[in-house]
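Peer 1: Here's a structure for you.
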Amino acid sequence: MLILSSFITPAVLTAARGSGLLTGIHLEEVRATGSPAQRDGLRSGDLDLAVTAIDNLFEWTRAGVDVRLVGQVERTTPLSVHAAPEITTLADLAGARFAVDAPDSGFAVVARHMLRTAGIDVEWVEVGGVVERFEALIAGAVDATLLGPPLDDRALAAGRPRVARVQDAFPAFPGQGLVVRADLIGTPELDDLLAALRTAGMSPVDPAGLDQLTAMRADLGVLPPGSDLHALVHPFPATATR
């Protein structure tokens, strides 16, 4: 049995299930409430895999979590800053309560870079996963956050305008990655799962995306010494073997 943590089921996993590629593979998916919980689950062995922002690996490996990056579940994660109805531009975010999962990693890093480049200071509020951040925005508990599909469209429908797009500033921003405990590398069950997901559309890790994340952290002055995301990348079978 493999246990996978994700915030929202990735399309590639849904496709693999629908096409029968996961037949015979024992996989349980659990919804993540935040990247710290994913980190702790991988470290303790309660989790085997996690779909998460690739930037999290900087802090997870610094904390001693031994993991490998085996693919991207999407080429890029389309992210937008959505805000309260009265906030319509980045400049309007000055002093706003900005919800993040963890303030020092993940999507918070790209948000910090965007706002610092624009000369805007906000109050960072740690809320949790993307569903929790969406709910906090709708409830008025925070003023802004980063959202991706399908929650970005739901935010627009609820009158929370889009005030900036990450991809406009960072075209190489990588999609969420599939991270696995290093001790599982090479096991038959994991190899079968990775081959099935690759057949269903999971893509190899984009080196340009890793360089983009590294450059953002270096610019912010929060790049851990000796960090090398490329060294964490592990190749996986190109096609399903079963």
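Residue numbering restarts at 1 in every chain; chains get A, B, ... in the order shown in the structure tokens, and ligands count up from 1 in that same order.
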List the neighbours of A:Ser35 out to 8 Å using only C-alpha atoms; skip same-chain residues closer than 3 positions along the sequence, and give me the result as number ranges by chain.

Peer 2: A: 32, 38-39, 52, 56, 101-102, 106, 128-129

Peer 1: Grab the residues selected above and save them as a short mmCIF file (atom, residue, chain, number, x, y, z; two decimals), in the first residue's frame with all heavy atoms.

Peer 2:
data_model
loop_
_atom_site.label_atom_id
_atom_site.label_comp_id
_atom_site.auth_asym_id
_atom_site.auth_seq_id
_atom_site.Cartn_x
_atom_site.Cartn_y
_atom_site.Cartn_z
N ALA A 32 -4.21 16.78 1.84
CA ALA A 32 -3.25 17.52 2.66
C ALA A 32 -3.90 18.76 3.24
O ALA A 32 -4.66 19.45 2.57
CB ALA A 32 -2.04 17.92 1.82
N GLN A 38 2.63 17.47 5.29
CA GLN A 38 3.23 16.60 4.29
C GLN A 38 4.68 16.30 4.66
O GLN A 38 5.13 15.14 4.61
CB GLN A 38 3.19 17.26 2.91
CG GLN A 38 1.81 17.34 2.28
CD GLN A 38 1.86 17.89 0.88
OE1 GLN A 38 2.54 18.88 0.61
NE2 GLN A 38 1.13 17.28 -0.04
N ARG A 39 5.42 17.31 5.03
CA ARG A 39 6.82 17.13 5.44
C ARG A 39 6.93 16.14 6.58
O ARG A 39 7.73 15.20 6.54
CB ARG A 39 7.40 18.49 5.86
CG ARG A 39 8.81 18.45 6.43
CD ARG A 39 9.07 19.70 7.26
NE ARG A 39 8.16 19.76 8.41
CZ ARG A 39 7.78 20.89 9.00
NH1 ARG A 39 8.19 22.06 8.54
NH2 ARG A 39 6.96 20.85 10.04
N THR A 52 3.12 18.35 -4.28
CA THR A 52 3.37 19.58 -3.52
C THR A 52 4.15 20.58 -4.37
O THR A 52 4.68 20.23 -5.43
CB THR A 52 4.16 19.24 -2.24
OG1 THR A 52 4.04 20.30 -1.30
CG2 THR A 52 5.62 18.95 -2.52
N ASN A 56 9.02 23.56 -1.81
CA ASN A 56 9.05 23.01 -0.46
C ASN A 56 10.29 22.16 -0.20
O ASN A 56 10.71 22.01 0.95
CB ASN A 56 7.79 22.16 -0.21
CG ASN A 56 6.56 23.00 0.02
OD1 ASN A 56 6.63 24.08 0.60
ND2 ASN A 56 5.42 22.51 -0.42
N ASP A 101 0.41 29.03 3.06
CA ASP A 101 0.46 27.71 3.68
C ASP A 101 1.53 27.71 4.75
O ASP A 101 1.28 27.47 5.93
CB ASP A 101 0.76 26.68 2.58
CG ASP A 101 0.98 25.28 3.09
OD1 ASP A 101 0.82 25.06 4.31
OD2 ASP A 101 1.32 24.40 2.30
N ALA A 102 2.77 27.96 4.35
CA ALA A 102 3.90 28.09 5.27
C ALA A 102 4.68 29.31 4.80
O ALA A 102 4.97 29.45 3.61
CB ALA A 102 4.78 26.84 5.23
N GLY A 106 7.26 26.93 -0.43
CA GLY A 106 6.12 26.72 -1.30
C GLY A 106 5.74 27.97 -2.07
O GLY A 106 6.58 28.78 -2.46
N GLY A 128 -2.92 27.46 5.89
CA GLY A 128 -2.93 26.04 5.57
C GLY A 128 -3.02 25.81 4.09
O GLY A 128 -2.58 26.65 3.29
N GLY A 129 -3.58 24.67 3.68
CA GLY A 129 -3.65 24.30 2.28
C GLY A 129 -4.54 25.22 1.46
O GLY A 129 -5.20 26.12 1.98
#

Peer 1: Separation of atom CA of A:Asp46 and atom CA of A:Leu2, in Å?

Peer 2: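 Taking atom CA of A:Asp46 as the start and atom CA of A:Leu2 as the end point, the length is 9.8 Å.
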
Peer 1: Quick one: residues within 7 Å of stretch 67-82 of chain A, only C-alpha atoms counted, chain neighbours fewer than 5 positions away excluded, as a ChimeraX atom specification?

Peer 2: /A:10,12,144-148,160-167,173-182,202-205,232-236

Peer 1: From a backbone DSSP assignment, name each residue in stretch 7-130 of chain A labelled helix (DSSP H, G or I), as a PyMOL selection string.

Peer 2: chain A and resi 11-18+35-44+56-62+90-93+107-117+130

Peer 1: I need the residues from that last selection saved to file as a compact mmCIF listing (two decimals), in the first residue's frame (with N, CA and C atoms), if you can.

Peer 2:
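The resulting file, again.txt, is shown below:
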# COMPACT_ATOMS: atom_id res chain seq x y z
N ALA A 11 -4.88 15.97 -12.08
CA ALA A 11 -5.57 15.42 -13.25
C ALA A 11 -4.91 14.14 -13.74
N VAL A 12 -3.59 14.05 -13.62
CA VAL A 12 -2.89 12.87 -14.12
C VAL A 12 -3.27 11.63 -13.31
N LEU A 13 -3.54 11.79 -12.02
CA LEU A 13 -3.96 10.65 -11.20
C LEU A 13 -5.38 10.23 -11.56
N THR A 14 -6.25 11.20 -11.78
CA THR A 14 -7.61 10.89 -12.22
C THR A 14 -7.60 10.16 -13.56
N ALA A 15 -6.73 10.62 -14.47
CA ALA A 15 -6.63 9.98 -15.78
C ALA A 15 -6.12 8.55 -15.66
N ALA A 16 -5.13 8.35 -14.80
CA ALA A 16 -4.57 7.00 -14.63
C ALA A 16 -5.61 6.05 -14.08
N ARG A 17 -6.41 6.52 -13.13
CA ARG A 17 -7.47 5.68 -12.57
C ARG A 17 -8.51 5.36 -13.64
N GLY A 18 -8.93 6.40 -14.37
CA GLY A 18 -9.98 6.23 -15.35
C GLY A 18 -9.61 5.29 -16.49
N SER A 35 1.56 22.03 3.87
CA SER A 35 2.83 21.41 3.53
C SER A 35 3.62 20.96 4.76
N PRO A 36 3.51 21.62 5.94
CA PRO A 36 4.21 21.08 7.11
C PRO A 36 3.74 19.66 7.46
N ALA A 37 2.44 19.38 7.29
CA ALA A 37 1.92 18.04 7.55
C ALA A 37 2.47 17.04 6.53
N GLN A 38 2.63 17.47 5.29
CA GLN A 38 3.23 16.60 4.29
C GLN A 38 4.68 16.30 4.66
N ARG A 39 5.42 17.31 5.03
CA ARG A 39 6.82 17.13 5.44
C ARG A 39 6.93 16.14 6.58
N ASP A 40 6.11 16.33 7.61
CA ASP A 40 6.18 15.48 8.79
C ASP A 40 5.76 14.04 8.46
N GLY A 41 4.77 13.89 7.57
CA GLY A 41 4.32 12.56 7.20
C GLY A 41 5.37 11.79 6.42
N LEU A 42 6.07 12.48 5.53
CA LEU A 42 7.15 11.83 4.78
C LEU A 42 8.31 11.47 5.70
N ARG A 43 8.59 12.34 6.64
CA ARG A 43 9.71 12.07 7.56
C ARG A 43 9.41 10.90 8.48
N SER A 44 8.17 10.78 8.94
CA SER A 44 7.80 9.72 9.88
C SER A 44 7.52 8.40 9.19
N ASN A 56 9.02 23.56 -1.81
CA ASN A 56 9.05 23.01 -0.46
C ASN A 56 10.29 22.16 -0.20
N LEU A 57 10.87 21.62 -1.26
CA LEU A 57 12.03 20.74 -1.08
C LEU A 57 13.23 21.47 -0.48
N PHE A 58 13.33 22.76 -0.70
CA PHE A 58 14.43 23.51 -0.10
C PHE A 58 14.39 23.38 1.42
N GLU A 59 13.22 23.61 2.00
CA GLU A 59 13.09 23.58 3.46
C GLU A 59 12.97 22.15 3.99
N TRP A 60 12.32 21.27 3.24
CA TRP A 60 12.17 19.90 3.71
C TRP A 60 13.52 19.20 3.82
N THR A 61 14.36 19.36 2.81
CA THR A 61 15.66 18.70 2.88
C THR A 61 16.55 19.35 3.93
N ARG A 62 16.41 20.66 4.12
CA ARG A 62 17.18 21.31 5.19
C ARG A 62 16.75 20.77 6.55
N LEU A 90 -2.24 45.29 -7.34
CA LEU A 90 -1.21 44.90 -6.37
C LEU A 90 -0.96 46.01 -5.36
N ALA A 91 -0.98 47.26 -5.82
CA ALA A 91 -0.72 48.38 -4.93
C ALA A 91 -1.73 48.44 -3.79
N ASP A 92 -2.95 47.99 -4.06
CA ASP A 92 -4.00 48.00 -3.03
C ASP A 92 -3.73 47.00 -1.91
N LEU A 93 -2.76 46.09 -2.13
CA LEU A 93 -2.47 45.06 -1.12
C LEU A 93 -1.61 45.57 0.03
N PHE A 107 4.44 28.13 -2.28
CA PHE A 107 3.95 29.26 -3.07
C PHE A 107 4.16 30.59 -2.36
N ALA A 108 4.40 30.57 -1.05
CA ALA A 108 4.66 31.81 -0.34
C ALA A 108 5.90 32.51 -0.88
N VAL A 109 6.87 31.73 -1.36
CA VAL A 109 8.12 32.33 -1.84
C VAL A 109 7.86 33.16 -3.09
N VAL A 110 7.07 32.63 -4.03
CA VAL A 110 6.80 33.40 -5.24
C VAL A 110 5.94 34.62 -4.91
N ALA A 111 5.01 34.50 -3.95
CA ALA A 111 4.22 35.65 -3.54
C ALA A 111 5.11 36.72 -2.92
N ARG A 112 6.03 36.31 -2.07
CA ARG A 112 6.95 37.27 -1.44
C ARG A 112 7.79 37.98 -2.48
N HIS A 113 8.24 37.23 -3.48
CA HIS A 113 9.08 37.83 -4.53
C HIS A 113 8.28 38.84 -5.34
N MET A 114 7.06 38.48 -5.73
CA MET A 114 6.22 39.38 -6.52
C MET A 114 5.96 40.68 -5.76
N LEU A 115 5.61 40.56 -4.48
CA LEU A 115 5.26 41.75 -3.72
C LEU A 115 6.48 42.59 -3.38
N ARG A 116 7.61 41.95 -3.09
CA ARG A 116 8.81 42.72 -2.81
C ARG A 116 9.25 43.49 -4.03
N THR A 117 9.17 42.84 -5.21
CA THR A 117 9.53 43.52 -6.46
C THR A 117 8.66 44.75 -6.69
N VAL A 130 -4.57 24.97 0.15
CA VAL A 130 -5.25 25.88 -0.77
C VAL A 130 -6.75 25.96 -0.48

Peer 1: For the atom pair atom CA of A:Ile138 and atom CA of A:Leu151, what is the interatomic distance in Å to one decimal place?

Peer 2: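 Going from atom CA of A:Ile138 over to atom CA of A:Leu151, I get 10.9 Å.
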
Peer 1: Quick one, how far is atom CA of A:Ser6 from atom CA of A:Arg31?

Peer 2: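 For atom CA of A:Ser6 relative to atom CA of A:Arg31, the distance reads 5.3 Å.
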
Peer 1: Please run DSSP on the backbone and report, as a ChimeraX atom specification, all residues within stretch 28-230 of chain A that come out as strand (DSSP E or B).

Peer 2: /A:28-31,49-52,67-72,80-83,97-100,123-126,144-147,162-165,177-181,203

Peer 1: Write out as a list of chain:residue names the residues lying within 10 Å of A:Leu210, counting only C-alpha atoms and excluding same-chain residues fewer than 6 positions away.

Peer 2: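 Selected residues are A:Ile54, A:Asp55, A:Ala172, A:Phe173, A:Pro174, A:Asp228, A:Leu229, A:His230.
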
Peer 1: Keeping only all heavy atoms, write the selected residues to a file as a tab-separated table (two decimals), in the first residue's frame.

Peer 2:
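The result, stored in selection-v6.tsv:
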chain	number	residue	atom	x	y	z
A	54	ILE	N	7.19	22.42	-5.61
A	54	ILE	CA	8.58	21.95	-5.63
A	54	ILE	C	9.46	22.78	-4.71
A	54	ILE	O	10.43	22.27	-4.12
A	54	ILE	CB	9.10	21.95	-7.08
A	54	ILE	CG1	8.34	20.91	-7.91
A	54	ILE	CG2	10.59	21.66	-7.13
A	54	ILE	CD1	8.69	20.89	-9.40
A	55	ASP	N	9.14	24.05	-4.54
A	55	ASP	CA	9.94	24.90	-3.65
A	55	ASP	C	10.02	24.33	-2.24
A	55	ASP	O	11.01	24.58	-1.52
A	55	ASP	CB	9.36	26.31	-3.61
A	55	ASP	CG	10.13	27.22	-2.66
A	55	ASP	OD1	11.14	27.80	-3.09
A	55	ASP	OD2	9.74	27.31	-1.47
A	172	ALA	N	8.64	30.50	-16.40
A	172	ALA	CA	9.20	29.16	-16.19
A	172	ALA	C	8.77	28.54	-14.87
A	172	ALA	O	9.25	27.46	-14.52
A	172	ALA	CB	10.73	29.22	-16.25
A	173	PHE	N	7.86	29.19	-14.15
A	173	PHE	CA	7.46	28.67	-12.86
A	173	PHE	C	6.93	27.24	-13.00
A	173	PHE	O	6.01	26.99	-13.77
A	173	PHE	CB	6.37	29.56	-12.24
A	173	PHE	CG	6.02	29.20	-10.83
A	173	PHE	CD1	6.86	29.55	-9.78
A	173	PHE	CD2	4.86	28.50	-10.54
A	173	PHE	CE1	6.54	29.21	-8.47
A	173	PHE	CE2	4.53	28.16	-9.24
A	173	PHE	CZ	5.38	28.51	-8.20
A	174	PRO	N	7.50	26.29	-12.26
A	174	PRO	CA	7.14	24.88	-12.49
A	174	PRO	C	5.85	24.47	-11.81
A	174	PRO	O	5.46	25.01	-10.78
A	174	PRO	CB	8.33	24.13	-11.87
A	174	PRO	CG	8.79	25.02	-10.75
A	174	PRO	CD	8.57	26.43	-11.26
A	228	ASP	N	20.60	22.19	-3.95
A	228	ASP	CA	20.68	21.77	-5.34
A	228	ASP	C	19.47	20.90	-5.66
A	228	ASP	O	19.48	19.69	-5.43
A	228	ASP	CB	21.98	21.00	-5.60
A	228	ASP	CG	22.14	20.61	-7.07
A	228	ASP	OD1	21.28	21.00	-7.90
A	228	ASP	OD2	23.12	19.91	-7.39
A	229	LEU	N	18.42	21.52	-6.17
A	229	LEU	CA	17.22	20.76	-6.52
A	229	LEU	C	17.50	19.71	-7.58
A	229	LEU	O	16.89	18.63	-7.58
A	229	LEU	CB	16.11	21.70	-7.00
A	229	LEU	CG	15.48	22.64	-5.97
A	229	LEU	CD1	14.38	23.46	-6.63
A	229	LEU	CD2	14.92	21.87	-4.79
A	230	HIS	N	18.41	20.00	-8.48
A	230	HIS	CA	18.71	19.05	-9.55
A	230	HIS	C	19.20	17.72	-8.99
A	230	HIS	O	18.92	16.66	-9.58
A	230	HIS	CB	19.76	19.64	-10.50
A	230	HIS	CG	19.30	20.86	-11.25
A	230	HIS	ND1	18.59	20.78	-12.43
A	230	HIS	CD2	19.44	22.18	-10.97
A	230	HIS	CE1	18.33	22.01	-12.86
A	230	HIS	NE2	18.82	22.88	-11.99
